[in-house]
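Colleague: data-v6.pdb (PDB, C-alpha atoms) pasted underneath:
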ATOM      1  CA  MET A  53     129.943 176.573 112.103
ATOM      2  CA  LYS A  54     132.226 176.855 109.107
ATOM      3  CA  SER A  55     135.338 176.241 111.206
ATOM      4  CA  LYS A  56     133.805 173.057 112.628
ATOM      5  CA  LYS A  57     133.228 171.722 109.140
ATOM      6  CA  ILE A  58     136.830 172.466 108.208
ATOM      7  CA  GLN A  59     138.002 170.728 111.385
ATOM      8  CA  ILE A  60     136.018 167.563 110.624
ATOM      9  CA  ALA A  61     137.303 167.553 107.041
ATOM     10  CA  TYR A  62     140.836 167.950 108.393
ATOM     11  CA  LEU A  63     140.345 164.974 110.713
ATOM     12  CA  LEU A  64     138.952 162.854 107.874
ATOM     13  CA  ARG A  65     141.797 163.696 105.481
ATOM     14  CA  PRO A  66     144.343 161.180 106.881
ATOM     15  CA  HIS A  67     141.808 158.375 106.360
ATOM     16  CA  TRP A  68     141.048 159.076 102.699
ATOM     17  CA  LYS A  69     142.360 155.676 101.570
ATOM     18  CA  ALA A  70     140.042 153.799 103.918
ATOM     19  CA  LEU A  71     137.121 156.025 102.941
ATOM     20  CA  THR A  72     137.864 155.450  99.244
ATOM     21  CA  ILE A  73     137.815 151.678  99.734
ATOM     22  CA  ALA A  74     134.619 152.046 101.755
ATOM     23  CA  PHE A  75     133.083 154.059  98.923
ATOM     24  CA  ILE A  76     133.986 151.307  96.438
ATOM     25  CA  ALA A  77     132.400 148.801  98.824
ATOM     26  CA  VAL A  78     129.273 150.985  98.924
ATOM     27  CA  ILE A  79     129.058 150.844  95.129
ATOM     28  CA  GLY A  80     129.448 147.054  95.258
ATOM     29  CA  GLU A  81     126.759 146.789  97.936
ATOM     30  CA  SER A  82     124.349 148.919  95.936
ATOM     31  CA  PHE A  83     125.086 146.937  92.769
ATOM     32  CA  THR A  84     124.384 143.608  94.484
ATOM     33  CA  ASP A  85     121.167 145.009  95.951
ATOM     34  CA  LEU A  86     120.039 145.761  92.407
ATOM     35  CA  LEU A  87     121.104 142.321  91.144
ATOM     36  CA  GLU A  88     119.281 140.304  93.830
ATOM     37  CA  PRO A  89     116.004 139.892  91.857
ATOM     38  CA  TRP A  90     117.822 139.066  88.586
ATOM     39  CA  PRO A  91     118.320 135.286  89.174
ATOM     40  CA  LEU A  92     114.571 134.973  89.791
ATOM     41  CA  LYS A  93     113.944 136.674  86.454
ATOM     42  CA  VAL A  94     116.250 134.122  84.828
ATOM     43  CA  VAL A  95     114.292 131.262  86.391
ATOM     44  CA  PHE A  96     110.876 132.653  85.486
ATOM     45  CA  ASP A  97     111.810 133.666  81.939
ATOM     46  CA  TYR A  98     114.114 130.871  80.805
ATOM     47  CA  VAL A  99     113.305 127.876  83.050
ATOM     48  CA  LEU A 100     109.574 128.143  83.761
ATOM     49  CA  GLY A 101     108.890 130.232  80.666
ATOM     50  CA  SER A 102     109.931 129.795  77.082
ATOM     51  CA  LYS A 103     111.754 133.070  76.360
ATOM     52  CA  PRO A 104     115.065 132.724  74.504
ATOM     53  CA  MET A 105     118.145 133.684  76.482
ATOM     54  CA  PRO A 106     120.367 136.535  75.330
ATOM     55  CA  GLU A 107     123.284 135.425  73.209
ATOM     56  CA  TRP A 108     125.951 136.181  75.817
ATOM     57  CA  MET A 109     124.067 134.291  78.522
ATOM     58  CA  SER A 110     123.246 131.386  76.246
ATOM     59  CA  SER A 111     126.865 130.895  75.154
ATOM     60  CA  PHE A 112     128.114 131.139  78.756
ATOM     61  CA  VAL A 113     125.519 128.725  80.165
ATOM     62  CA  ASN A 114     125.975 126.213  77.331
ATOM     63  CA  SER A 115     129.754 126.216  77.639
ATOM     64  CA  THR A 116     129.802 126.084  81.445
ATOM     65  CA  PHE A 117     126.683 124.294  82.715
ATOM     66  CA  GLY A 118     125.083 122.468  79.784
ATOM     67  CA  HIS A 119     122.300 122.790  77.241
ATOM     68  CA  ASP A 120     119.105 121.961  79.197
ATOM     69  CA  LYS A 121     116.887 123.884  81.603
ATOM     70  CA  LEU A 122     118.597 122.301  84.584
ATOM     71  CA  ALA A 123     121.788 124.018  83.442
ATOM     72  CA  ILE A 124     119.984 127.378  83.480
ATOM     73  CA  LEU A 125     118.707 126.599  86.980
ATOM     74  CA  ASN A 126     122.248 125.783  88.117
ATOM     75  CA  PHE A 127     123.428 129.059  86.594
ATOM     76  CA  ALA A 128     120.739 130.966  88.503
ATOM     77  CA  ALA A 129     121.690 129.216  91.761
ATOM     78  CA  ILE A 130     125.387 130.082  91.289
ATOM     79  CA  ALA A 131     124.367 133.666  90.486
ATOM     80  CA  VAL A 132     122.377 133.885  93.757
ATOM     81  CA  ILE A 133     125.357 132.616  95.764
ATOM     82  CA  THR A 134     127.813 134.932  93.978
ATOM     83  CA  ILE A 135     125.612 137.993  94.486
ATOM     84  CA  ALA A 136     125.127 137.130  98.172
ATOM     85  CA  VAL A 137     128.871 136.635  98.757
ATOM     86  CA  VAL A 138     129.871 139.860  96.972
ATOM     87  CA  GLY A 139     127.147 141.785  98.814
ATOM     88  CA  ALA A 140     128.225 140.374 102.190
ATOM     89  CA  ILE A 141     131.907 141.194 101.555
ATOM     90  CA  SER A 142     131.029 144.712 100.410
ATOM     91  CA  SER A 143     128.757 145.305 103.408
ATOM     92  CA  TYR A 144     131.344 143.988 105.878
ATOM     93  CA  THR A 145     134.135 146.044 104.309
ATOM     94  CA  GLU A 146     132.035 149.212 104.384
ATOM     95  CA  ASP A 147     130.937 148.668 108.010
ATOM     96  CA  TYR A 148     134.444 147.781 109.194
ATOM     97  CA  LEU A 149     136.175 150.723 107.522
ATOM     98  CA  THR A 150     133.594 153.354 108.464
ATOM     99  CA  THR A 151     133.545 152.128 112.077
ATOM    100  CA  THR A 152     137.350 152.220 112.202
ATOM    101  CA  VAL A 153     137.495 155.713 110.709
ATOM    102  CA  GLY A 154     134.757 156.862 113.080
ATOM    103  CA  GLN A 155     136.729 155.595 116.080
ATOM    104  CA  TRP A 156     139.921 157.339 114.949
ATOM    105  CA  VAL A 157     138.108 160.600 114.204
ATOM    106  CA  MET A 158     136.471 160.439 117.643
ATOM    107  CA  HIS A 159     139.884 159.873 119.235
ATOM    108  CA  ASP A 160     141.543 162.730 117.352
ATOM    109  CA  LEU A 161     138.647 165.100 117.926
ATOM    110  CA  ARG A 162     138.548 164.427 121.663
ATOM    111  CA  ARG A 163     142.309 164.931 121.912
ATOM    112  CA  THR A 164     142.098 168.202 119.972
ATOM    113  CA  LEU A 165     139.179 169.432 122.060
ATOM    114  CA  TYR A 166     140.903 168.444 125.289
ATOM    115  CA  HIS A 167     144.035 170.409 124.367
ATOM    116  CA  HIS A 168     141.855 173.369 123.386
ATOM    117  CA  ILE A 169     140.041 173.297 126.732
ATOM    118  CA  GLN A 170     143.366 173.161 128.581
ATOM    119  CA  ARG A 171     144.506 176.378 126.853
ATOM    120  CA  LEU A 172     141.382 178.338 127.786
ATOM    121  CA  SER A 173     141.592 180.917 130.542
ATOM    122  CA  LEU A 174     140.410 180.245 134.087
ATOM    123  CA  ALA A 175     137.831 183.007 133.675
ATOM    124  CA  TYR A 176     136.225 181.024 130.855
ATOM    125  CA  HIS A 177     135.943 177.947 133.082
ATOM    126  CA  ASP A 178     134.441 180.049 135.859
ATOM    127  CA  GLN A 179     131.717 181.270 133.519
ATOM    128  CA  LYS A 180     130.912 177.956 131.848
ATOM    129  CA  ARG A 181     129.181 175.029 133.474
ATOM    130  CA  THR A 182     131.219 171.874 133.920
ATOM    131  CA  GLY A 183     128.365 169.801 132.517
ATOM    132  CA  ASP A 184     128.442 171.716 129.242
ATOM    133  CA  LEU A 185     132.133 170.955 128.729
ATOM    134  CA  ILE A 186     131.658 167.285 129.579
ATOM    135  CA  SER A 187     128.743 167.106 127.157
ATOM    136  CA  ARG A 188     130.920 168.562 124.376
ATOM    137  CA  VAL A 189     133.651 165.997 124.987
ATOM    138  CA  THR A 190     131.313 162.994 125.290
ATOM    139  CA  SER A 191     127.845 163.242 123.763
ATOM    140  CA  ASP A 192     128.570 165.646 120.898
ATOM    141  CA  ILE A 193     131.634 163.714 119.742
ATOM    142  CA  ASP A 194     129.714 160.439 120.011
ATOM    143  CA  ALA A 195     127.116 161.940 117.692
ATOM    144  CA  ILE A 196     129.851 162.805 115.164
ATOM    145  CA  GLN A 197     131.203 159.256 115.373
ATOM    146  CA  SER A 198     127.721 157.870 114.784
ATOM    147  CA  LEU A 199     127.348 160.181 111.777
ATOM    148  CA  ILE A 200     130.568 158.906 110.219
ATOM    149  CA  SER A 201     130.047 155.223 111.077
ATOM    150  CA  ASN A 202     126.337 154.746 110.435
ATOM    151  CA  VAL A 203     124.872 157.648 108.495
ATOM    152  CA  LEU A 204     127.464 159.020 106.080
ATOM    153  CA  LEU A 205     127.883 156.072 103.711
ATOM    154  CA  GLY A 206     124.568 154.466 104.703
ATOM    155  CA  ILE A 207     122.724 157.362 103.095
ATOM    156  CA  LEU A 208     124.945 156.950 100.040
ATOM    157  CA  VAL A 209     124.008 153.252  99.769
ATOM    158  CA  ASN A 210     120.310 154.094  99.861
ATOM    159  CA  ILE A 211     120.656 156.915  97.328
ATOM    160  CA  LEU A 212     122.673 154.811  94.875
ATOM    161  CA  THR A 213     120.268 151.884  95.236
ATOM    162  CA  LEU A 214     117.267 154.147  94.681
ATOM    163  CA  ILE A 215     118.832 155.755  91.603
ATOM    164  CA  GLY A 216     119.755 152.330  90.251
ATOM    165  CA  MET A 217     116.239 150.984  90.797
ATOM    166  CA  ILE A 218     114.720 153.963  89.001
ATOM    167  CA  GLY A 219     117.194 153.492  86.149
ATOM    168  CA  VAL A 220     116.299 149.796  85.817
ATOM    169  CA  MET A 221     112.594 150.638  85.915
ATOM    170  CA  PHE A 222     113.007 153.190  83.138
ATOM    171  CA  TYR A 223     114.980 150.647  81.117
ATOM    172  CA  LEU A 224     112.252 148.001  81.479
ATOM    173  CA  ASN A 225     109.214 150.246  80.928
ATOM    174  CA  TRP A 226     109.398 154.021  81.146
ATOM    175  CA  LYS A 227     105.613 154.514  81.033
ATOM    176  CA  PHE A 228     104.925 152.336  84.084
ATOM    177  CA  THR A 229     107.882 153.969  85.813
ATOM    178  CA  LEU A 230     106.375 157.425  85.371
ATOM    179  CA  ILE A 231     103.042 156.127  86.694
ATOM    180  CA  ALA A 232     104.769 154.597  89.715
ATOM    181  CA  LEU A 233     106.777 157.755  90.421
ATOM    182  CA  SER A 234     103.749 160.024  90.042
ATOM    183  CA  VAL A 235     102.634 159.151  93.587
ATOM    184  CA  ALA A 236     106.035 160.113  95.045
ATOM    185  CA  PRO A 237     105.289 163.876  95.440
ATOM    186  CA  VAL A 238     101.964 163.142  97.150
ATOM    187  CA  LEU A 239     103.627 160.601  99.445
ATOM    188  CA  PHE A 240     106.380 163.094 100.265
ATOM    189  CA  LEU A 241     103.841 165.781 101.210
ATOM    190  CA  VAL A 242     101.913 163.352 103.437
ATOM    191  CA  VAL A 243     105.069 162.163 105.209
ATOM    192  CA  TYR A 244     106.352 165.732 105.578
ATOM    193  CA  SER A 245     103.030 166.881 107.008
ATOM    194  CA  PHE A 246     102.855 164.115 109.625
ATOM    195  CA  THR A 247     106.540 164.547 110.491
ATOM    196  CA  ARG A 248     106.007 168.233 111.257
ATOM    197  CA  ARG A 249     103.039 167.351 113.483
ATOM    198  CA  ILE A 250     105.083 164.764 115.384
ATOM    199  CA  ASN A 251     107.976 167.184 115.905
TER     200      ASN A 251
END
Could you rewrite the structure in this file as structure tokens?

Modeller:
Amino acid sequence: MKSKKIQIAYLLRPHWKALTIAFIAVIGESFTDLLEPWPLKVVFDYVLGSKPMPEWMSSFVNSTFGHDKLAILNFAAIAVITIAVVGAISSYTEDYLTTTVGQWVMHDLRRTLYHHIQRLSLAYHDQKRTGDLISRVTSDIDAIQSLISNVLLGILVNILTLIGMIGVMFYLNWKFTLIALSVAPVLFLVVYSFTRRIN
């Protein structure tokens, strides 16, 4: 099992630049996911409500959009569009690069495995079923490609978004955050219990 891990790491090494860019795109995607509700907060607090804007926001809005509430609304609309565009570019970049890397890793792994099978003795092929070898070359490698393309950085996006949400919640109100997170262990036990029954 250890040698397989080293082999996969060896196959990923030539694509470190693409994976680095994909990782940056993951951070951008997570950041935009966290920023999506922020324009609504601006509208509710500073357009519909009467809260004073922070100094940096007030100076930017006044110098760029104007001095009335319509200017704040225009600022919120531009913020929504900007967040959506950055999130879409980050998501596309991450999907494109991870899919490309997954295809190349699948190609290199199949070529390596094929050459390894060709060097095995005839006695080995007599003992092994042909279906097992075909399954190794097709299904197992497809699973590795799916792991790299869909799971590897997808899990990272979810983890970073979750950590960011918890951080924002603690920043806004740490007491309510602790109350909200107090149900997480119970929910985990319930999900774990039902998952074991299903499996």

Colleague: Report, in Å with one decimal, the straight-line distance from atom CA of Met105 of chain A to atom CA of Ile215 of chain A.

Modeller: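 Rounded to one decimal, the two atoms are 26.8 Å apart.
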
Colleague: Assuming the chain letters and numbering stay as they are in my file, what does the PyMOL selection byres ((chain A and resi 84-97) around 8) actually select? List them as a short mmCIF file (atom, residue, chain, number, x, y, z; two decimals) with C-alpha atoms, keeping the file's coordinate frame.

Modeller:
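New file result05.cif:
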data_model
loop_
_atom_site.label_atom_id
_atom_site.label_comp_id
_atom_site.auth_asym_id
_atom_site.auth_seq_id
_atom_site.Cartn_x
_atom_site.Cartn_y
_atom_site.Cartn_z
CA GLY A 80 129.45 147.05 95.26
CA GLU A 81 126.76 146.79 97.94
CA SER A 82 124.35 148.92 95.94
CA PHE A 83 125.09 146.94 92.77
CA TYR A 98 114.11 130.87 80.81
CA VAL A 99 113.30 127.88 83.05
CA LEU A 100 109.57 128.14 83.76
CA GLY A 101 108.89 130.23 80.67
CA SER A 102 109.93 129.79 77.08
CA LYS A 103 111.75 133.07 76.36
CA ILE A 124 119.98 127.38 83.48
CA LEU A 125 118.71 126.60 86.98
CA ALA A 128 120.74 130.97 88.50
CA ALA A 129 121.69 129.22 91.76
CA ALA A 131 124.37 133.67 90.49
CA VAL A 132 122.38 133.88 93.76
CA ILE A 135 125.61 137.99 94.49
CA ALA A 136 125.13 137.13 98.17
CA VAL A 138 129.87 139.86 96.97
CA GLY A 139 127.15 141.78 98.81
CA THR A 213 120.27 151.88 95.24
CA GLY A 216 119.76 152.33 90.25
CA MET A 217 116.24 150.98 90.80
#

Colleague: Figure out the distance between atom CA of Ser143 of chain A and atom CA of Phe240 of chain A, please, to one decimal in Å.

Modeller: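 One can read the atom CA of Phe240 of chain A to atom CA of Ser143 of chain A distance as 28.8 Å.
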
Colleague: Using all atoms listed in the file for the distances, tell me which of A:Glu107, A:Glu146, A:Asp160, A:Asp194 is nearest to Gly206 of chain A.

Modeller: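 Distance minimum relative to Gly206 of chain A lands on A:Glu146.
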
Colleague: Quick one: pull the distance between atom CA of Ile211 of chain A and atom CA of Tyr62 of chain A, Å, one decimal.

Modeller: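 Atom-to-atom, atom CA of Ile211 of chain A to atom CA of Tyr62 of chain A, that is 25.5 Å.
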
Colleague: Could you give me, as CSV, every segment 118-206 of chain A residue with an atom at most 8 Å from segment 70-73 of chain A, plus its closest atom pair and distance in Å to one decimal, counting all atoms listed in the file, rows ordered by chain then number?

Modeller:
residue,atom,partner,partner_atom,distance
A:Glu146,CA,A:Ile73,CA,7.8
A:Leu149,CA,A:Ala70,CA,6.1
A:Thr150,CA,A:Leu71,CA,7.1
A:Val153,CA,A:Ala70,CA,7.5

Colleague: Determine the nearest neighbour of Tyr166 of chain A from the options A:Ile193, A:Val243, A:Leu214, A:Leu230, counting all atoms listed in the file.

Modeller: A:Ile193

Colleague: The PyMOL selection byres ((chain A and resi 113) around 12) on the file shown: which residues, as number ranges by chain?

Modeller: A: 94, 98, 105-112, 114-128, 130-131

Colleague: When you count only C-alpha atoms, which of these residues is closest to Leu165 of chain A: A:Val78, A:Ile186, A:Pro66, A:Arg181?

Modeller: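 Of A:Val78, A:Ile186, A:Pro66, A:Arg181, the one nearest Leu165 of chain A is A:Ile186, counting only C-alpha atoms.
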